[in-house]
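Visitor: To be precise about what I am sending: the file is called coords-v3.pdb and holds PDB, C-alpha atoms and all ligand atoms.
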ATOM      1  CA  MET A 580      23.446  39.607   2.774  1.00  0.00           C
ATOM      2  CA  THR A 581      21.187  37.085   1.014  1.00  0.00           C
ATOM      3  CA  ALA A 582      17.492  37.532   1.786  1.00  0.00           C
ATOM      4  CA  PRO A 583      15.799  34.665   3.668  1.00  0.00           C
ATOM      5  CA  LEU A 584      13.559  32.261   1.786  1.00  0.00           C
ATOM      6  CA  GLU A 585       9.879  33.004   2.314  1.00  0.00           C
ATOM      7  CA  ILE A 586       7.637  30.010   1.737  1.00  0.00           C
ATOM      8  CA  ARG A 587       3.917  30.183   0.982  1.00  0.00           C
ATOM      9  CA  SER A 588       1.205  28.411  -0.986  1.00  0.00           C
ATOM     10  CA  VAL A 589       1.001  29.132  -4.712  1.00  0.00           C
ATOM     11  CA  THR A 590      -1.906  31.317  -5.886  1.00  0.00           C
ATOM     12  CA  ALA A 591      -3.430  32.023  -9.299  1.00  0.00           C
ATOM     13  CA  ALA A 592      -1.272  35.154  -9.490  1.00  0.00           C
ATOM     14  CA  ASP A 593       1.891  33.002  -9.462  1.00  0.00           C
ATOM     15  CA  VAL A 594       1.170  30.842 -12.525  1.00  0.00           C
ATOM     16  CA  GLU A 595       3.509  32.722 -14.868  1.00  0.00           C
ATOM     17  CA  ASP A 596       6.376  32.852 -12.355  1.00  0.00           C
ATOM     18  CA  ILE A 597       6.081  29.120 -11.636  1.00  0.00           C
ATOM     19  CA  ALA A 598       5.984  28.270 -15.358  1.00  0.00           C
ATOM     20  CA  LEU A 599       9.138  30.320 -15.934  1.00  0.00           C
ATOM     21  CA  LEU A 600      10.859  28.670 -12.962  1.00  0.00           C
ATOM     22  CA  TRP A 601       9.964  25.214 -14.314  1.00  0.00           C
ATOM     23  CA  GLN A 602      11.534  26.182 -17.648  1.00  0.00           C
ATOM     24  CA  ARG A 603      14.686  27.542 -16.022  1.00  0.00           C
ATOM     25  CA  GLY A 604      14.895  24.592 -13.650  1.00  0.00           C
ATOM     26  CA  GLY A 605      14.463  21.860 -16.265  1.00  0.00           C
ATOM     27  CA  VAL A 606      11.130  20.389 -15.071  1.00  0.00           C
ATOM     28  CA  SER A 607       8.923  21.935 -17.768  1.00  0.00           C
ATOM     29  CA  LEU A 608       6.661  19.772 -19.913  1.00  0.00           C
ATOM     30  CA  GLY A 609       6.089  22.640 -22.351  1.00  0.00           C
ATOM     31  CA  ASP A 610       2.670  23.946 -23.332  1.00  0.00           C
ATOM     32  CA  GLN A 611       0.778  22.035 -20.658  1.00  0.00           C
ATOM     33  CA  ASP A 612       2.632  23.669 -17.738  1.00  0.00           C
ATOM     34  CA  ARG A 613       0.299  26.609 -17.214  1.00  0.00           C
ATOM     35  CA  SER A 614      -2.878  24.513 -17.325  1.00  0.00           C
ATOM     36  CA  GLU A 615      -1.300  21.972 -14.950  1.00  0.00           C
ATOM     37  CA  ILE A 616      -0.325  24.707 -12.502  1.00  0.00           C
ATOM     38  CA  THR A 617      -3.805  26.259 -12.657  1.00  0.00           C
ATOM     39  CA  ALA A 618      -5.571  22.902 -12.266  1.00  0.00           C
ATOM     40  CA  LYS A 619      -3.372  21.957  -9.327  1.00  0.00           C
ATOM     41  CA  LEU A 620      -4.610  24.985  -7.383  1.00  0.00           C
ATOM     42  CA  ASP A 621      -8.017  23.263  -7.122  1.00  0.00           C
ATOM     43  CA  TYR A 622      -6.514  20.101  -5.610  1.00  0.00           C
ATOM     44  CA  ASP A 623      -4.617  20.358  -2.320  1.00  0.00           C
ATOM     45  CA  GLY A 624      -3.614  23.918  -3.183  1.00  0.00           C
ATOM     46  CA  ASP A 625      -2.158  24.283   0.321  1.00  0.00           C
ATOM     47  CA  LEU A 626       0.381  21.589  -0.608  1.00  0.00           C
ATOM     48  CA  PHE A 627       1.617  23.495  -3.679  1.00  0.00           C
ATOM     49  CA  LEU A 628       4.406  25.670  -2.328  1.00  0.00           C
ATOM     50  CA  LEU A 629       6.771  28.291  -3.622  1.00  0.00           C
ATOM     51  CA  GLY A 630       9.799  29.939  -2.102  1.00  0.00           C
ATOM     52  CA  GLU A 631      10.693  33.536  -2.861  1.00  0.00           C
ATOM     53  CA  ARG A 632      13.541  35.839  -2.039  1.00  0.00           C
ATOM     54  CA  ASP A 633      13.077  39.587  -2.375  1.00  0.00           C
ATOM     55  CA  GLY A 634       9.788  38.842  -4.132  1.00  0.00           C
ATOM     56  CA  ILE A 635      11.450  36.636  -6.773  1.00  0.00           C
ATOM     57  CA  VAL A 636      10.181  33.054  -7.061  1.00  0.00           C
ATOM     58  CA  VAL A 637      13.256  30.808  -6.757  1.00  0.00           C
ATOM     59  CA  ALA A 638      11.782  27.424  -5.793  1.00  0.00           C
ATOM     60  CA  SER A 639       8.567  25.431  -5.938  1.00  0.00           C
ATOM     61  CA  VAL A 640       7.229  21.990  -5.122  1.00  0.00           C
ATOM     62  CA  MET A 641       3.898  20.211  -5.590  1.00  0.00           C
ATOM     63  CA  GLY A 642       2.414  17.967  -2.938  1.00  0.00           C
ATOM     64  CA  THR A 643      -0.636  15.825  -3.686  1.00  0.00           C
ATOM     65  CA  TYR A 644      -2.764  13.361  -1.753  1.00  0.00           C
ATOM     66  CA  ASP A 645      -4.816  10.577  -3.340  1.00  0.00           C
ATOM     67  CA  GLY A 646      -6.439   9.327  -0.134  1.00  0.00           C
ATOM     68  CA  HIS A 647      -3.746   6.687   0.337  1.00  0.00           C
ATOM     69  CA  ARG A 648      -0.310   8.260  -0.097  1.00  0.00           C
ATOM     70  CA  GLY A 649       1.121  11.728  -0.228  1.00  0.00           C
ATOM     71  CA  ARG A 650       3.170  12.402  -3.329  1.00  0.00           C
ATOM     72  CA  ILE A 651       5.785  15.007  -4.191  1.00  0.00           C
ATOM     73  CA  LYS A 652       6.226  16.238  -7.732  1.00  0.00           C
ATOM     74  CA  ARG A 653       8.197  18.866  -9.589  1.00  0.00           C
ATOM     75  CA  CYS A 654      10.511  19.949  -6.834  1.00  0.00           C
ATOM     76  CA  VAL A 655      12.662  22.633  -8.395  1.00  0.00           C
ATOM     77  CA  VAL A 656      15.095  25.345  -7.351  1.00  0.00           C
ATOM     78  CA  ASP A 657      16.348  28.059  -9.693  1.00  0.00           C
ATOM     79  CA  PRO A 658      19.729  26.878 -11.081  1.00  0.00           C
ATOM     80  CA  ASP A 659      21.389  30.096  -9.850  1.00  0.00           C
ATOM     81  CA  SER A 660      20.448  29.113  -6.274  1.00  0.00           C
ATOM     82  CA  HIS A 661      21.304  25.419  -6.185  1.00  0.00           C
ATOM     83  CA  GLY A 662      23.265  24.164  -3.200  1.00  0.00           C
ATOM     84  CA  GLU A 663      22.072  26.919  -0.849  1.00  0.00           C
ATOM     85  CA  GLY A 664      19.694  24.747   1.145  1.00  0.00           C
ATOM     86  CA  LEU A 665      16.519  26.123  -0.487  1.00  0.00           C
ATOM     87  CA  GLY A 666      15.296  22.731  -1.704  1.00  0.00           C
ATOM     88  CA  ARG A 667      15.693  21.351   1.798  1.00  0.00           C
ATOM     89  CA  LEU A 668      13.767  24.253   3.386  1.00  0.00           C
ATOM     90  CA  LEU A 669      10.918  23.926   0.881  1.00  0.00           C
ATOM     91  CA  VAL A 670      10.576  20.146   1.183  1.00  0.00           C
ATOM     92  CA  GLU A 671      10.782  20.282   4.981  1.00  0.00           C
ATOM     93  CA  GLU A 672       7.900  22.770   4.989  1.00  0.00           C
ATOM     94  CA  LEU A 673       5.883  20.545   2.644  1.00  0.00           C
ATOM     95  CA  GLU A 674       6.579  17.512   4.853  1.00  0.00           C
ATOM     96  CA  ARG A 675       5.379  19.525   7.881  1.00  0.00           C
ATOM     97  CA  ARG A 676       2.148  20.325   6.034  1.00  0.00           C
ATOM     98  CA  PHE A 677       1.623  16.676   5.092  1.00  0.00           C
ATOM     99  CA  LYS A 678       2.174  15.641   8.689  1.00  0.00           C
ATOM    100  CA  ALA A 679      -0.198  18.319   9.988  1.00  0.00           C
ATOM    101  CA  ARG A 680      -2.885  16.720   7.809  1.00  0.00           C
ATOM    102  CA  GLY A 681      -2.078  13.260   9.180  1.00  0.00           C
ATOM    103  CA  ILE A 682      -0.411  12.165   5.911  1.00  0.00           C
ATOM    104  CA  THR A 683       2.780  10.370   6.873  1.00  0.00           C
ATOM    105  CA  GLU A 684       3.411   7.923   3.997  1.00  0.00           C
ATOM    106  CA  LEU A 685       4.992   9.713   1.052  1.00  0.00           C
ATOM    107  CA  ARG A 686       6.204   8.656  -2.391  1.00  0.00           C
ATOM    108  CA  LEU A 687       7.921  10.321  -5.315  1.00  0.00           C
ATOM    109  CA  GLU A 688       9.467   9.377  -8.635  1.00  0.00           C
ATOM    110  CA  VAL A 689      12.815  10.499 -10.039  1.00  0.00           C
ATOM    111  CA  TRP A 690      14.272   9.607 -13.431  1.00  0.00           C
ATOM    112  CA  ALA A 691      17.146   7.156 -13.010  1.00  0.00           C
ATOM    113  CA  GLU A 692      19.484   9.459 -14.938  1.00  0.00           C
ATOM    114  CA  ASN A 693      18.779  12.384 -12.586  1.00  0.00           C
ATOM    115  CA  THR A 694      21.737  11.695 -10.322  1.00  0.00           C
ATOM    116  CA  GLY A 695      21.568  15.159  -8.721  1.00  0.00           C
ATOM    117  CA  GLY A 696      17.880  14.757  -7.904  1.00  0.00           C
ATOM    118  CA  ARG A 697      18.484  11.280  -6.499  1.00  0.00           C
ATOM    119  CA  ALA A 698      21.354  12.546  -4.328  1.00  0.00           C
ATOM    120  CA  PHE A 699      19.052  15.298  -3.068  1.00  0.00           C
ATOM    121  CA  TRP A 700      16.319  12.845  -1.966  1.00  0.00           C
ATOM    122  CA  ASP A 701      18.952  10.579  -0.405  1.00  0.00           C
ATOM    123  CA  SER A 702      20.229  13.558   1.594  1.00  0.00           C
ATOM    124  CA  MET A 703      16.668  14.428   2.601  1.00  0.00           C
ATOM    125  CA  GLY A 704      16.324  11.029   4.286  1.00  0.00           C
ATOM    126  CA  TRP A 705      14.136   9.374   1.660  1.00  0.00           C
ATOM    127  CA  THR A 706      14.461   5.635   1.022  1.00  0.00           C
ATOM    128  CA  HIS A 707      15.132   4.404  -2.508  1.00  0.00           C
ATOM    129  CA  LEU A 708      12.818   1.448  -3.216  1.00  0.00           C
ATOM    130  CA  GLU A 709      14.750  -1.042  -5.355  1.00  0.00           C
ATOM    131  CA  ASP A 710      11.982  -3.604  -5.807  1.00  0.00           C
ATOM    132  CA  ILE A 711       9.297  -1.633  -7.604  1.00  0.00           C
ATOM    133  CA  ARG A 712       8.666  -1.008 -11.308  1.00  0.00           C
ATOM    134  CA  TYR A 713       6.779   2.032 -12.462  1.00  0.00           C
ATOM    135  CA  TYR A 714       4.081   1.551 -15.166  1.00  0.00           C
ATOM    136  CA  SER A 715       2.341   4.073 -17.384  1.00  0.00           C
ATOM    137  CA  ARG A 716      -0.446   3.945 -19.966  1.00  0.00           C
ATOM    138  CA  THR A 717      -1.994   6.558 -22.223  1.00  0.00           C
ATOM    139  CA  LEU A 718      -5.742   6.145 -22.822  1.00  0.00           C
ATOM    140  CA  SER A 719      -6.720   7.201 -26.317  1.00  0.00           C
TER     141      SER A 719
HETATM  142  C1  LIG B   1      17.167  18.713  -6.701  1.00  0.00           C
HETATM  143  C2  LIG B   1      17.084  20.204  -6.327  1.00  0.00           C
HETATM  144  C3  LIG B   1      15.632  20.578  -6.064  1.00  0.00           C
HETATM  145  C4  LIG B   1      17.918  20.414  -5.049  1.00  0.00           C
HETATM  146  O1  LIG B   1      17.729  21.747  -4.601  1.00  0.00           O
HETATM  147  P1  LIG B   1      18.894  22.512  -3.805  1.00  0.00           P
HETATM  148  O2  LIG B   1      18.302  23.741  -3.228  1.00  0.00           O
HETATM  149  O3  LIG B   1      20.073  22.681  -4.692  1.00  0.00           O
HETATM  150  O4  LIG B   1      19.236  21.472  -2.664  1.00  0.00           O
HETATM  151  P2  LIG B   1      19.782  21.833  -1.203  1.00  0.00           P
HETATM  152  O5  LIG B   1      20.845  22.862  -1.324  1.00  0.00           O
HETATM  153  O6  LIG B   1      18.637  22.159  -0.303  1.00  0.00           O
HETATM  154  O7  LIG B   1      20.425  20.463  -0.755  1.00  0.00           O
HETATM  155  C5  LIG B   1      19.856  19.606   0.239  1.00  0.00           C
HETATM  156  C6  LIG B   1      20.749  18.395   0.382  1.00  0.00           C
HETATM  157  O8  LIG B   1      20.805  17.675  -0.858  1.00  0.00           O
HETATM  158  C7  LIG B   1      22.133  17.558  -1.323  1.00  0.00           C
HETATM  159  N1  LIG B   1      22.160  17.780  -2.767  1.00  0.00           N
HETATM  160  C8  LIG B   1      21.407  18.647  -3.459  1.00  0.00           C
HETATM  161  N2  LIG B   1      21.726  18.585  -4.776  1.00  0.00           N
HETATM  162  C9  LIG B   1      22.714  17.662  -4.878  1.00  0.00           C
HETATM  163  C10 LIG B   1      23.491  17.172  -5.968  1.00  0.00           C
HETATM  164  N3  LIG B   1      23.285  17.604  -7.222  1.00  0.00           N
HETATM  165  N4  LIG B   1      24.422  16.243  -5.717  1.00  0.00           N
HETATM  166  C11 LIG B   1      24.635  15.775  -4.476  1.00  0.00           C
HETATM  167  N5  LIG B   1      23.941  16.210  -3.373  1.00  0.00           N
HETATM  168  C12 LIG B   1      23.000  17.146  -3.596  1.00  0.00           C
HETATM  169  C13 LIG B   1      22.893  18.667  -0.643  1.00  0.00           C
HETATM  170  O9  LIG B   1      24.258  18.341  -0.505  1.00  0.00           O
HETATM  171  C14 LIG B   1      22.180  18.783   0.688  1.00  0.00           C
HETATM  172  O10 LIG B   1      22.675  17.817   1.589  1.00  0.00           O
HETATM  173  P3  LIG B   1      22.858  18.177   3.149  1.00  0.00           P
HETATM  174  O11 LIG B   1      21.677  19.025   3.557  1.00  0.00           O
HETATM  175  O12 LIG B   1      22.885  16.842   3.804  1.00  0.00           O
HETATM  176  O13 LIG B   1      24.126  18.929   3.230  1.00  0.00           O
HETATM  177  C15 LIG B   1      17.694  21.099  -7.434  1.00  0.00           C
HETATM  178  O14 LIG B   1      18.970  20.620  -7.767  1.00  0.00           O
HETATM  179  C16 LIG B   1      16.857  21.129  -8.713  1.00  0.00           C
HETATM  180  O15 LIG B   1      15.988  21.985  -8.856  1.00  0.00           O
HETATM  181  N6  LIG B   1      17.144  20.219  -9.664  1.00  0.00           N
HETATM  182  C17 LIG B   1      16.411  20.171 -10.937  1.00  0.00           C
HETATM  183  C18 LIG B   1      15.026  19.596 -10.764  1.00  0.00           C
HETATM  184  C19 LIG B   1      15.072  18.205 -10.159  1.00  0.00           C
HETATM  185  O16 LIG B   1      15.826  17.359 -10.593  1.00  0.00           O
HETATM  186  N7  LIG B   1      14.239  17.976  -9.130  1.00  0.00           N
HETATM  187  C20 LIG B   1      14.243  16.697  -8.394  1.00  0.00           C
HETATM  188  C21 LIG B   1      13.425  15.668  -9.041  1.00  0.00           C
HETATM  189  S1  LIG B   1      11.760  15.718  -8.434  1.00  0.00           S
END
Here is the file; what I need is its structure written in the form of structure tokens.
Ligand SMILES: CC(C)(COP(=O)(O)OP(=O)(O)OC[C@H]1O[C@@H](n2cnc3c(N)ncnc32)[C@H](O)[C@@H]1OP(=O)(O)O)[C@@H](O)C(=O)NCCC(=O)NCCS
Guide:
Amino acid sequence: MTAPLEIRSVTAADVEDIALLWQRGGVSLGDQDRSEITAKLDYDGDLFLLGERDGIVVASVMGTYDGHRGRIKRCVVDPDSHGEGLGRLLVEELERRFKARGITELRLEVWAENTGGRAFWDSMGWTHLEDIRYYSRTLS
């Protein structure tokens, strides 16, 4: 029988496992992953969650709060475990934690080409905002 998913906050001891999961799951940004994971622990660390089965990290998700909106980033499930409901369990737990902190307005971004990711958020009850354009700028 498949072991249940155990969900908990990420700790400094999990950095390597999360970085490997990001690589396997296709959400890695390369060399900066480990420093991003470590830095995130200092900001809303309780909203940075992982899911493990039999002690193996198979899913993770980052929640952040900027004082205005909650945001979800880098939601990822190990490719070998897609379609088993793990993403749903993890995001539902993160949403519970947001709500417990009184944060009820959430946002996230998904690349347009990520049809699987978009279908996931649709299934999770999220609303796709058609009338917004996303801007970025790099300060040199
Ligand atoms: C997106 C992702 C996290 C989904 O995780 P998952 O554990 O496979 O998803 P679940 O099994 O919990 O599915 C939850 C719901 O989403 C739907 N769903 C998930 N992936 C889907 C897909 N590729 N196509 C269509 N529907 C999908 C499921 O059918 C399910 O619907 P239901 O609960 O109404 O039956 C996973 O595919 C992943 O890691 N993708 C790569 C990273 C990524 O793109 N992340 C999202 C961008 S932030």
Visitor: To verify the selection step, state as a ChimeraX atom specification which residues the PyMOL selection byres (((chain A and resi 673) around 9) and not hetatm) yields on this input.
Guide: /A:626-628,640-642,651,668-672,674-678
Visitor: The PyMOL selection byres (((chain A and resi 654) around 6) and not hetatm) - which residues does that actually catch in the file I just gave you? List them as a list of chain:residue names.
Guide: A:Ser639, A:Val640, A:Lys652, A:Arg653, A:Val655
Visitor: When the PyMOL selection byres (((not hetatm)) within 6 of (chain B and resi 1)) is applied to the structure above, which residues does it catch, written out as a PyMOL selection string?
Guide: chain A and resi 604-606+652-656+661-667+689+695-696+698-699+702
Visitor: What lies within 9 Å of A:Ile616 using all atoms listed in the file, ignoring chain neighbours under 2 positions off, as a PyMOL selection string?
Guide: chain A and resi 591+594+597-598+611-614+618-620
Visitor: From the options A:Leu685, A:Met703, A:Leu608, A:Leu629, which residue's atoms come nearest to A:Gly646, counting all atoms listed in the file?
Guide: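 Of A:Leu685, A:Met703, A:Leu608, A:Leu629, the one nearest A:Gly646 is A:Leu685, counting all atoms listed in the file.
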